[in-house]
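**Q** Contents are PDB, C-alpha atoms; file name structure09.pdb:
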```pdb
ATOM      1  CA  MET J  26      39.944  15.328  19.492
ATOM      2  CA  TYR J  27      39.848  19.075  20.002
ATOM      3  CA  GLY J  28      39.003  21.240  16.993
ATOM      4  CA  GLY J  29      38.016  18.282  14.839
ATOM      5  CA  ASP J  30      34.798  17.793  12.988
ATOM      6  CA  GLU J  31      31.938  16.578  15.103
ATOM      7  CA  VAL J  32      30.136  13.667  13.556
ATOM      8  CA  SER J  33      26.675  13.002  14.921
ATOM      9  CA  ALA J  34      24.831   9.737  14.719
ATOM     10  CA  ILE J  35      21.753   9.501  12.533
ATOM     11  CA  VAL J  36      18.568   8.619  14.396
ATOM     12  CA  ILE J  37      15.523   7.186  12.607
ATOM     13  CA  ASP J  38      12.317   6.607  14.567
ATOM     14  CA  LEU J  39       9.936   4.499  12.508
ATOM     15  CA  GLY J  40       6.607   4.737  14.284
ATOM     16  CA  SER J  41       3.199   3.384  13.414
ATOM     17  CA  HIS J  42       2.027   6.814  12.180
ATOM     18  CA  THR J  43       5.102   8.883  11.297
ATOM     19  CA  CYS J  44       8.780   8.403  10.610
ATOM     20  CA  LYS J  45      11.142  10.933  12.164
ATOM     21  CA  ALA J  46      14.766  11.253  11.072
ATOM     22  CA  GLY J  47      17.538  13.539  12.233
ATOM     23  CA  TYR J  48      20.858  13.794  14.039
ATOM     24  CA  ALA J  49      21.498  12.747  17.629
ATOM     25  CA  GLY J  50      21.720  15.645  20.075
ATOM     26  CA  GLU J  51      19.526  18.042  18.097
ATOM     27  CA  ASP J  52      16.288  19.422  19.485
ATOM     28  CA  ALA J  53      14.027  18.417  16.604
ATOM     29  CA  PRO J  54      14.140  15.903  13.750
ATOM     30  CA  LYS J  55      15.188  17.086  10.288
ATOM     31  CA  ALA J  56      12.410  15.162   8.526
ATOM     32  CA  VAL J  57       8.953  14.028   9.604
ATOM     33  CA  PHE J  58       6.829  12.116   7.097
ATOM     34  CA  PRO J  59       4.149   9.388   7.143
ATOM     35  CA  SER J  60       5.317   5.831   7.730
ATOM     36  CA  VAL J  61       2.819   4.460   5.235
ATOM     37  CA  VAL J  62       3.475   3.999   1.532
ATOM     38  CA  GLY J  63       1.350   3.985  -1.564
ATOM     39  CA  SER J  64       1.552   0.712  -3.454
ATOM     40  CA  ILE J  65       0.507  -0.004  -7.020
ATOM     41  CA  ASP J  66       0.726  -3.620  -8.111
ATOM     42  CA  GLN J  67       1.982  -3.728 -11.683
ATOM     43  CA  MET J  68      -0.033  -6.898 -12.302
ATOM     44  CA  GLU J  69      -3.286  -5.034 -11.525
ATOM     45  CA  VAL J  70      -2.336  -2.246 -13.920
ATOM     46  CA  ASP J  71      -1.618  -4.805 -16.643
ATOM     47  CA  ASP J  72      -4.926  -6.587 -15.963
ATOM     48  CA  ALA J  73      -6.855  -3.308 -16.185
ATOM     49  CA  ALA J  74      -5.203  -2.476 -19.499
ATOM     50  CA  ASN J  75      -6.090  -5.840 -21.037
ATOM     51  CA  THR J  76      -9.769  -6.326 -21.832
ATOM     52  CA  ASP J  77     -10.919  -9.920 -21.449
ATOM     53  CA  THR J  78     -14.094 -11.310 -22.967
ATOM     54  CA  ASN J  79     -14.566 -13.723 -20.073
ATOM     55  CA  SER J  80     -15.230 -11.583 -17.006
ATOM     56  CA  GLY J  81     -15.226 -14.607 -14.664
ATOM     57  CA  ALA J  82     -11.639 -15.470 -15.618
ATOM     58  CA  ALA J  83     -10.592 -11.857 -15.112
ATOM     59  CA  MET J  84     -12.078 -11.821 -11.622
ATOM     60  CA  ASP J  85     -10.289 -15.058 -10.692
ATOM     61  CA  ALA J  86      -6.972 -13.729 -12.001
ATOM     62  CA  LYS J  87      -7.346 -10.497 -10.032
ATOM     63  CA  SER J  88      -8.300 -12.244  -6.800
ATOM     64  CA  ASN J  89      -5.296 -14.570  -7.105
ATOM     65  CA  ALA J  90      -2.966 -11.633  -7.839
ATOM     66  CA  LYS J  91      -4.056  -9.726  -4.728
ATOM     67  CA  THR J  92      -2.924 -12.292  -2.160
ATOM     68  CA  PRO J  93      -0.486 -10.494   0.160
ATOM     69  CA  ASP J  94       1.625 -13.614   0.755
ATOM     70  CA  SER J  95       2.446 -14.040  -2.923
ATOM     71  CA  ASP J  96       6.072 -13.330  -3.828
ATOM     72  CA  LYS J  97       5.088 -12.415  -7.378
ATOM     73  CA  THR J  98       3.076  -9.365  -6.299
ATOM     74  CA  LYS J  99       5.789  -8.127  -3.940
ATOM     75  CA  GLY J 100       8.374  -8.113  -6.716
ATOM     76  CA  LYS J 101       6.149  -6.266  -9.166
ATOM     77  CA  ARG J 102       4.894  -3.240  -7.279
ATOM     78  CA  LYS J 103       5.738   0.433  -7.278
ATOM     79  CA  LEU J 104       5.995   2.144  -3.896
ATOM     80  CA  TYR J 105       5.418   5.855  -3.225
ATOM     81  CA  VAL J 106       7.005   7.178  -0.007
ATOM     82  CA  GLY J 107       6.663  10.608   1.606
ATOM     83  CA  SER J 108       4.034  13.290   2.036
ATOM     84  CA  GLN J 109       4.323  14.666  -1.486
ATOM     85  CA  ALA J 110       4.155  11.258  -3.157
ATOM     86  CA  LEU J 111       1.023  10.366  -1.184
ATOM     87  CA  GLY J 112      -0.508  13.814  -1.679
ATOM     88  CA  TYR J 113      -2.592  13.107  -4.753
ATOM     89  CA  ARG J 114      -4.760  10.338  -6.110
ATOM     90  CA  ARG J 115      -3.403   7.586  -8.348
ATOM     91  CA  ASP J 116      -5.458   4.862  -9.982
ATOM     92  CA  ASN J 117      -5.158   1.424  -8.336
ATOM     93  CA  MET J 118      -3.039   2.767  -5.440
ATOM     94  CA  GLU J 119      -3.411   1.233  -2.001
ATOM     95  CA  VAL J 120      -1.989   2.915   1.117
ATOM     96  CA  ILE J 121      -0.323   0.267   3.280
ATOM     97  CA  SER J 122       1.696   0.164   6.481
ATOM     98  CA  PRO J 123       4.790  -1.976   7.056
ATOM     99  CA  PHE J 124       3.403  -3.011  10.469
ATOM    100  CA  LYS J 125       0.961  -5.764  11.353
ATOM    101  CA  ASP J 126      -0.087  -5.908  15.032
ATOM    102  CA  GLY J 127       2.888  -3.747  16.045
ATOM    103  CA  ILE J 128       5.489  -5.969  14.347
ATOM    104  CA  VAL J 129       7.229  -5.280  11.033
ATOM    105  CA  ALA J 130       5.493  -7.462   8.448
ATOM    106  CA  ASP J 131       7.017  -6.121   5.221
ATOM    107  CA  TRP J 132      10.725  -5.298   5.254
ATOM    108  CA  ASP J 133      10.654  -4.080   1.629
ATOM    109  CA  ILE J 134       8.445  -1.177   2.712
ATOM    110  CA  VAL J 135      10.725  -0.409   5.679
ATOM    111  CA  ASP J 136      13.734  -0.409   3.341
ATOM    112  CA  ASN J 137      12.022   2.107   1.036
ATOM    113  CA  ILE J 138      11.094   4.329   3.996
ATOM    114  CA  TRP J 139      14.715   4.260   5.227
ATOM    115  CA  ASP J 140      15.963   5.125   1.719
ATOM    116  CA  HIS J 141      13.595   8.097   1.671
ATOM    117  CA  ALA J 142      14.854   9.215   5.097
ATOM    118  CA  PHE J 143      18.489   9.142   3.966
TER     119      PHE J 143
END
```
What do you get writing this file as structure tokens?
**A**
Amino acid sequence: MYGGDEVSAIVIDLGSHTCKAGYAGEDAPKAVFPSVVGSIDQMEVDDAANTDTNSGAAMDAKSNAKTPDSDKTKGKRKLYVGSQALGYRRDNMEVISPFKDGIVADWDIVDNIWDHAF
């Protein structure tokens, strides 16, 4: 179609270190940012706010809440994506990657990275 609008495809390269996003056919990507996210489990924040008299019970509750395979912790976490969001310290924040041994292990993180790229 001559004289029509050119529509380029969007290209997203999610690497183990950085995520690059841009349009196909351009020389350089439009956005380059880390492919790791900052994660704060809301359960840990709630546990830190509550003071328990029994420290042994608090330790058991925290160790059970930190299991990565638990669906409860995945649903109750806040993710920070991008260079600016990761640029300063937050209490109880853990920097995590969506990859484990070169394979995507956490699709929720990948979804948040893609949302940030768009």
**Q** Determine, counting only C-alpha atoms, which protein, DNA and RNA residues have an atom within 7 Å of an atom of J:Glu119; residues of the same chain fewer than 4 positions away are not included. Present the result as a list of chain:residue names.
**A**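 Counting only the stated atoms, we get J:Gly63, J:Ser64, J:Ile65.
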**Q** Can you spell out as number ranges by chain the set of residues that the PyMOL selection byres ((chain J and resi 38-43) around 8) selects in the structure I just provided?
**A** J: 36-37, 44-46, 57-61, 122, 124, 127
**Q** Do you have the atom CA of J:Ser108-atom CA of J:Ala56 distance handy?
**A** 10.8 Å
**Q** In Å, with one decimal, what is the gap from atom CA of J:Asp133 to atom CA of J:Gly47?
**A**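 Answer for the atom CA of J:Asp133 to atom CA of J:Gly47 separation: 21.7 Å.
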**Q** So how far away is atom CA of J:Lys101 from atom CA of J:Asp140, in Å?
**A**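 Straight-line distance from atom CA of J:Asp140 to atom CA of J:Lys101 works out to 18.6 Å.
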